[in-house]
Amino acid sequence: MTMTRRQLLAAAAGAGFAARVGLADEAQRGLTINSANPKDYEMTLAGFSEWITPNEHFFIRSHHYAPDVKLAEWSLKVDGLVDHPLTMSLDDLKKLPRFSHVAVLECAGNGRSFYEPRVPGMQWKYGGVANGKWTGVRLADVLKKAGVRDTATEILFDGEDVPIGKMPKFQRTVTVQKAMNPDTLLAFELNGQPIPMDHGFPLRLIVPGWAGDSWVKWVKHIEVLDHEFDGFWMKTAYRHPPKLVAPGTAVPPDQMVPVTDLPLKSVIATPAGNWVAPGLVTISGAAWSNGAPIAGVDVSTDGGKTWKAAKLGRDHSKYAWRLWELNWKPGEGDYRLIARAKDTAGNMQPLEQQWNPSGYLWNVAAPKDVTVSRTEQVPAASNAPAPAPELPAGYKSACLTCHQEDIIRMQRLTPAQWDRELNKMAGWGAEIKPDDKESILNYLKANFKP
Ligand SMILES: Nc1nc2c(c(=O)[nH]1)N[C@H]1C(S)=C(S)[C@@H](COP(=O)(O)O)O[C@H]1N2
Ligand SMILES: [Mo]
């Protein structure tokens, strides 16, 4: 593939950033670095042209720093409401029957950056998602071996990652019903390789059809409960309102429900940019759901007035994404592309996005504007680096000891949202001296606004 001048410039800019922060490796992997550490790496649009996402292109979402798990010291404990508490090595687990699924792993917050009004959190664009082949054993087989009691209602999973500062530990539960579903796995392989460390080596939970927050990485402890677990990541985070709320509404967590199923969605992978030369153009991408079969993807090149059915890719599997493409022969002009997935139950991808307070499950059929012309359209360059503002006192020690400025810069919040964020961070252990608080807040509000 030959690169356009713009792609070359983008690649060069990426390499420069990578060299500065010592991440040549990841930049070469073709991931966009949202946060260098803890790692939040986004898959690029090119990823939606491959049915199986190779391990090195797989997005990463870690709330804490990745642990360095040593297999020799690792074991899985299963206890709580069971007749026979278990301690299992990876070899013990591998003696159970093996199963594989090609399944989409998508972060609940994927697409959050497109919400209006804006929502704090990782500002994902399209690439907080990937499609991999997961191999492991059925969670149900492990639970049956332990003898789950009838009173069990949910199963708690605990990973090896160590919280940053005073952040709550990443612990999540799934219902007994979903845990016993034969498709729910404890996986030790991704695409035929041991699960890479960033993705949960040596064992992670695979909950096909559900958003990524349930796919606990580095699993070392499974506890069977007969009550609702009340940890932060279940009772406060990863919840959304059960019915429509007006954009911008604050909804108390106890009036929301946990995020579970992935919504029906498609993403346009090509054309990747906003300019193409006239001639034959392939409009292509990927579509997925919570496991409901994709019936088709309709594509419009006139902003939704008329639609044509795309050709679906050959490869498919219940929880996997389906590639699709449509050949298009446009003349010069301005076009608005929209791809809209539908499933066999008759559901259609929405043309308007419903808003929710944490910006989860963004799945609108997003319009993409493309100019077709013989001469390349280069967007007005905003290349001049903005002069670096002077950092307020105490900012580095309060904010940049746990993470870099990348994750702050991307938020672009209102003053009220920055007030709440800084209080949240103080609660999570950021050491903000009372005298420094106001100047830090002013700095955030002035430099990272919507
Ligand atoms: N132990 C642990 N498991 C975790 C997380 C985490 O921070 N710690 N992040 C979750 C979230 S929010 C997502 S979207 C997926 C991301 O998986 P990946 O990094 O393999 O892409 O892992 C989930 N499992
Ligand atoms: Mo996530």
# chains A, B, ... in the order shown; residues from 1 in each chain; ligands from 1
>>> residues_near_ligand(ligand="ligand 1", cutoff="8 Å", atoms="only C-alpha atoms and all ligand atoms", output="PyMOL selection string")
chain A and resi 40+58-64+66+105-109+128-130+158-161+170-171+198-200+204+211-219
>>> residues_around(residues="Gly231 (chain A)", least_positions_apart="5", cutoff="10 Å", atoms="only C-alpha atoms", output="list in words")
Pro168, Lys169, Phe170, Gln171, Arg172, Thr173, Thr236 and Ala237 of chain A
>>> select_by_dssp(residues="region 153-323 of chain A", states="alpha helix (DSSP H)", output="MDAnalysis selection string")
chainID A and resid 176:180 232:235
>>> write_last_selection(atoms="all heavy atoms", output="PDB file, in the first residue's frame")
ATOM      1  N   VAL A 176     -25.048 -15.534  37.919  1.00  0.00           N
ATOM      2  CA  VAL A 176     -24.856 -16.988  37.813  1.00  0.00           C
ATOM      3  C   VAL A 176     -25.315 -17.471  36.442  1.00  0.00           C
ATOM      4  O   VAL A 176     -24.677 -18.315  35.821  1.00  0.00           O
ATOM      5  CB  VAL A 176     -25.619 -17.725  38.944  1.00  0.00           C
ATOM      6  CG1 VAL A 176     -25.707 -19.211  38.658  1.00  0.00           C
ATOM      7  CG2 VAL A 176     -24.925 -17.485  40.261  1.00  0.00           C
ATOM      8  N   GLN A 177     -26.400 -16.879  35.974  1.00  0.00           N
ATOM      9  CA  GLN A 177     -26.936 -17.294  34.675  1.00  0.00           C
ATOM     10  C   GLN A 177     -25.906 -17.110  33.557  1.00  0.00           C
ATOM     11  O   GLN A 177     -25.667 -18.014  32.761  1.00  0.00           O
ATOM     12  CB  GLN A 177     -28.199 -16.491  34.383  1.00  0.00           C
ATOM     13  CG  GLN A 177     -29.035 -17.097  33.290  1.00  0.00           C
ATOM     14  CD  GLN A 177     -30.049 -16.115  32.737  1.00  0.00           C
ATOM     15  OE1 GLN A 177     -30.069 -14.931  33.122  1.00  0.00           O
ATOM     16  NE2 GLN A 177     -30.882 -16.589  31.840  1.00  0.00           N
ATOM     17  N   LYS A 178     -25.264 -15.941  33.519  1.00  0.00           N
ATOM     18  CA  LYS A 178     -24.269 -15.700  32.464  1.00  0.00           C
ATOM     19  C   LYS A 178     -23.016 -16.544  32.716  1.00  0.00           C
ATOM     20  O   LYS A 178     -22.373 -17.010  31.775  1.00  0.00           O
ATOM     21  CB  LYS A 178     -23.914 -14.201  32.412  1.00  0.00           C
ATOM     22  CG  LYS A 178     -23.087 -13.790  31.201  1.00  0.00           C
ATOM     23  CD  LYS A 178     -23.854 -13.911  29.876  1.00  0.00           C
ATOM     24  CE  LYS A 178     -23.035 -13.399  28.697  1.00  0.00           C
ATOM     25  NZ  LYS A 178     -23.740 -13.587  27.403  1.00  0.00           N
ATOM     26  N   ALA A 179     -22.678 -16.744  33.991  1.00  0.00           N
ATOM     27  CA  ALA A 179     -21.493 -17.555  34.316  1.00  0.00           C
ATOM     28  C   ALA A 179     -21.687 -18.994  33.843  1.00  0.00           C
ATOM     29  O   ALA A 179     -20.741 -19.646  33.391  1.00  0.00           O
ATOM     30  CB  ALA A 179     -21.235 -17.517  35.817  1.00  0.00           C
ATOM     31  N   MET A 180     -22.905 -19.514  33.956  1.00  0.00           N
ATOM     32  CA  MET A 180     -23.185 -20.902  33.574  1.00  0.00           C
ATOM     33  C   MET A 180     -23.438 -21.056  32.079  1.00  0.00           C
ATOM     34  O   MET A 180     -23.525 -22.167  31.575  1.00  0.00           O
ATOM     35  CB  MET A 180     -24.406 -21.416  34.353  1.00  0.00           C
ATOM     36  CG  MET A 180     -24.105 -21.640  35.813  1.00  0.00           C
ATOM     37  SD  MET A 180     -22.734 -22.821  35.983  1.00  0.00           S
ATOM     38  CE  MET A 180     -22.704 -23.065  37.748  1.00  0.00           C
ATOM     39  N   PHE A 232     -16.866  -0.633  43.902  1.00  0.00           N
ATOM     40  CA  PHE A 232     -16.990   0.559  43.053  1.00  0.00           C
ATOM     41  C   PHE A 232     -17.306   0.226  41.591  1.00  0.00           C
ATOM     42  O   PHE A 232     -18.145   0.861  40.958  1.00  0.00           O
ATOM     43  CB  PHE A 232     -15.681   1.369  43.127  1.00  0.00           C
ATOM     44  CG  PHE A 232     -15.622   2.518  42.151  1.00  0.00           C
ATOM     45  CD1 PHE A 232     -16.196   3.741  42.468  1.00  0.00           C
ATOM     46  CD2 PHE A 232     -14.999   2.376  40.916  1.00  0.00           C
ATOM     47  CE1 PHE A 232     -16.148   4.801  41.570  1.00  0.00           C
ATOM     48  CE2 PHE A 232     -14.949   3.432  40.009  1.00  0.00           C
ATOM     49  CZ  PHE A 232     -15.528   4.650  40.338  1.00  0.00           C
ATOM     50  N   TRP A 233     -16.615  -0.796  41.041  1.00  0.00           N
ATOM     51  CA  TRP A 233     -16.735  -1.058  39.601  1.00  0.00           C
ATOM     52  C   TRP A 233     -18.049  -1.730  39.223  1.00  0.00           C
ATOM     53  O   TRP A 233     -18.349  -1.913  38.047  1.00  0.00           O
ATOM     54  CB  TRP A 233     -15.537  -1.880  39.091  1.00  0.00           C
ATOM     55  CG  TRP A 233     -14.236  -1.180  39.335  1.00  0.00           C
ATOM     56  CD1 TRP A 233     -13.346  -1.435  40.348  1.00  0.00           C
ATOM     57  CD2 TRP A 233     -13.682  -0.092  38.581  1.00  0.00           C
ATOM     58  NE1 TRP A 233     -12.282  -0.570  40.264  1.00  0.00           N
ATOM     59  CE2 TRP A 233     -12.454   0.260  39.198  1.00  0.00           C
ATOM     60  CE3 TRP A 233     -14.099   0.624  37.446  1.00  0.00           C
ATOM     61  CZ2 TRP A 233     -11.646   1.290  38.718  1.00  0.00           C
ATOM     62  CZ3 TRP A 233     -13.289   1.651  36.969  1.00  0.00           C
ATOM     63  CH2 TRP A 233     -12.083   1.974  37.600  1.00  0.00           C
ATOM     64  N   MET A 234     -18.832  -2.127  40.273  1.00  0.00           N
ATOM     65  CA  MET A 234     -20.184  -2.643  40.009  1.00  0.00           C
ATOM     66  C   MET A 234     -21.255  -1.626  40.403  1.00  0.00           C
ATOM     67  O   MET A 234     -22.246  -1.464  39.713  1.00  0.00           O
ATOM     68  CB  MET A 234     -20.437  -3.937  40.794  1.00  0.00           C
ATOM     69  CG  MET A 234     -19.637  -5.129  40.327  1.00  0.00           C
ATOM     70  SD  MET A 234     -19.818  -5.545  38.563  1.00  0.00           S
ATOM     71  CE  MET A 234     -21.567  -5.905  38.418  1.00  0.00           C
ATOM     72  N   LYS A 235     -21.040  -0.955  41.553  1.00  0.00           N
ATOM     73  CA  LYS A 235     -22.108  -0.115  42.107  1.00  0.00           C
ATOM     74  C   LYS A 235     -22.050   1.334  41.652  1.00  0.00           C
ATOM     75  O   LYS A 235     -23.031   2.069  41.755  1.00  0.00           O
ATOM     76  CB  LYS A 235     -22.074  -0.188  43.640  1.00  0.00           C
ATOM     77  CG  LYS A 235     -22.765  -1.437  44.185  1.00  0.00           C
ATOM     78  CD  LYS A 235     -24.212  -1.458  43.715  1.00  0.00           C
ATOM     79  CE  LYS A 235     -25.036  -2.598  44.281  1.00  0.00           C
ATOM     80  NZ  LYS A 235     -25.436  -2.470  45.641  1.00  0.00           N
TER      81      LYS A 235
END
>>> atom_distance(atom1="CA of Leu391 (chain A)", atom2="CA of Ala446 (chain A)")
11.8 Å
>>> closest_residue(among="A:Ala272, A:Met167, A:Leu326, A:Val267", to="Gln349 (chain A)", atoms="only C-alpha atoms")
A:Val267
>>> closest_residue(among="A:Gln377, A:Ser49, A:Asn110, A:Ser89", to="ligand 2", atoms="only C-alpha atoms and all ligand atoms")
A:Asn110
>>> atom_distance(atom1="CA of Asn356 (chain A)", atom2="CA of Leu244 (chain A)")
7.9 Å
>>> closest_residue(among="A:Ser358, A:Asn290, A:Thr375, A:Thr32", to="Gly127 (chain A)", atoms="only C-alpha atoms")
A:Thr32
>>> residues_around(residues="Gly346 (chain A)", least_positions_apart="4", cutoff="12 Å", atoms="only C-alpha atoms", output="tab-separated table (two decimals) with N, CA, C and O atoms, in the first residue's frame")
chain	number	residue	atom	x	y	z
A	264	LEU	N	-26.03	-3.23	18.71
A	264	LEU	CA	-25.81	-3.43	17.28
A	264	LEU	C	-25.05	-2.23	16.71
A	264	LEU	O	-25.43	-1.09	16.97
A	292	ALA	N	-26.59	-11.57	18.29
A	292	ALA	CA	-27.68	-11.69	17.32
A	292	ALA	C	-27.07	-11.61	15.92
A	292	ALA	O	-26.29	-10.70	15.66
A	293	PRO	N	-27.40	-12.57	15.03
A	293	PRO	CA	-26.74	-12.58	13.72
A	293	PRO	C	-26.95	-11.28	12.94
A	293	PRO	O	-28.05	-10.73	12.90
A	294	ILE	N	-25.87	-10.81	12.32
A	294	ILE	CA	-25.95	-9.62	11.46
A	294	ILE	C	-26.63	-10.03	10.15
A	294	ILE	O	-26.18	-10.94	9.46
A	295	ALA	N	-27.75	-9.38	9.85
A	295	ALA	CA	-28.49	-9.73	8.63
A	295	ALA	C	-27.96	-8.96	7.44
A	295	ALA	O	-28.05	-9.42	6.30
A	296	GLY	N	-27.42	-7.78	7.67
A	296	GLY	CA	-26.92	-6.99	6.56
A	296	GLY	C	-26.42	-5.65	7.03
A	296	GLY	O	-26.60	-5.28	8.20
A	341	ALA	N	-26.11	-1.16	10.28
A	341	ALA	CA	-26.24	-2.61	10.44
A	341	ALA	C	-27.66	-2.99	10.85
A	341	ALA	O	-28.35	-2.21	11.50
A	342	LYS	N	-28.07	-4.19	10.43
A	342	LYS	CA	-29.35	-4.73	10.93
A	342	LYS	C	-29.13	-6.18	11.30
A	342	LYS	O	-28.26	-6.86	10.74
>>> atom_distance(atom1="CA of Lys433 (chain A)", atom2="CA of Cys399 (chain A)")
11.5 Å
>>> closest_residue(among="A:Glu376, A:Glu228, A:Glu42, A:Asp254", to="ligand 2", atoms="only C-alpha atoms and all ligand atoms")
A:Glu42
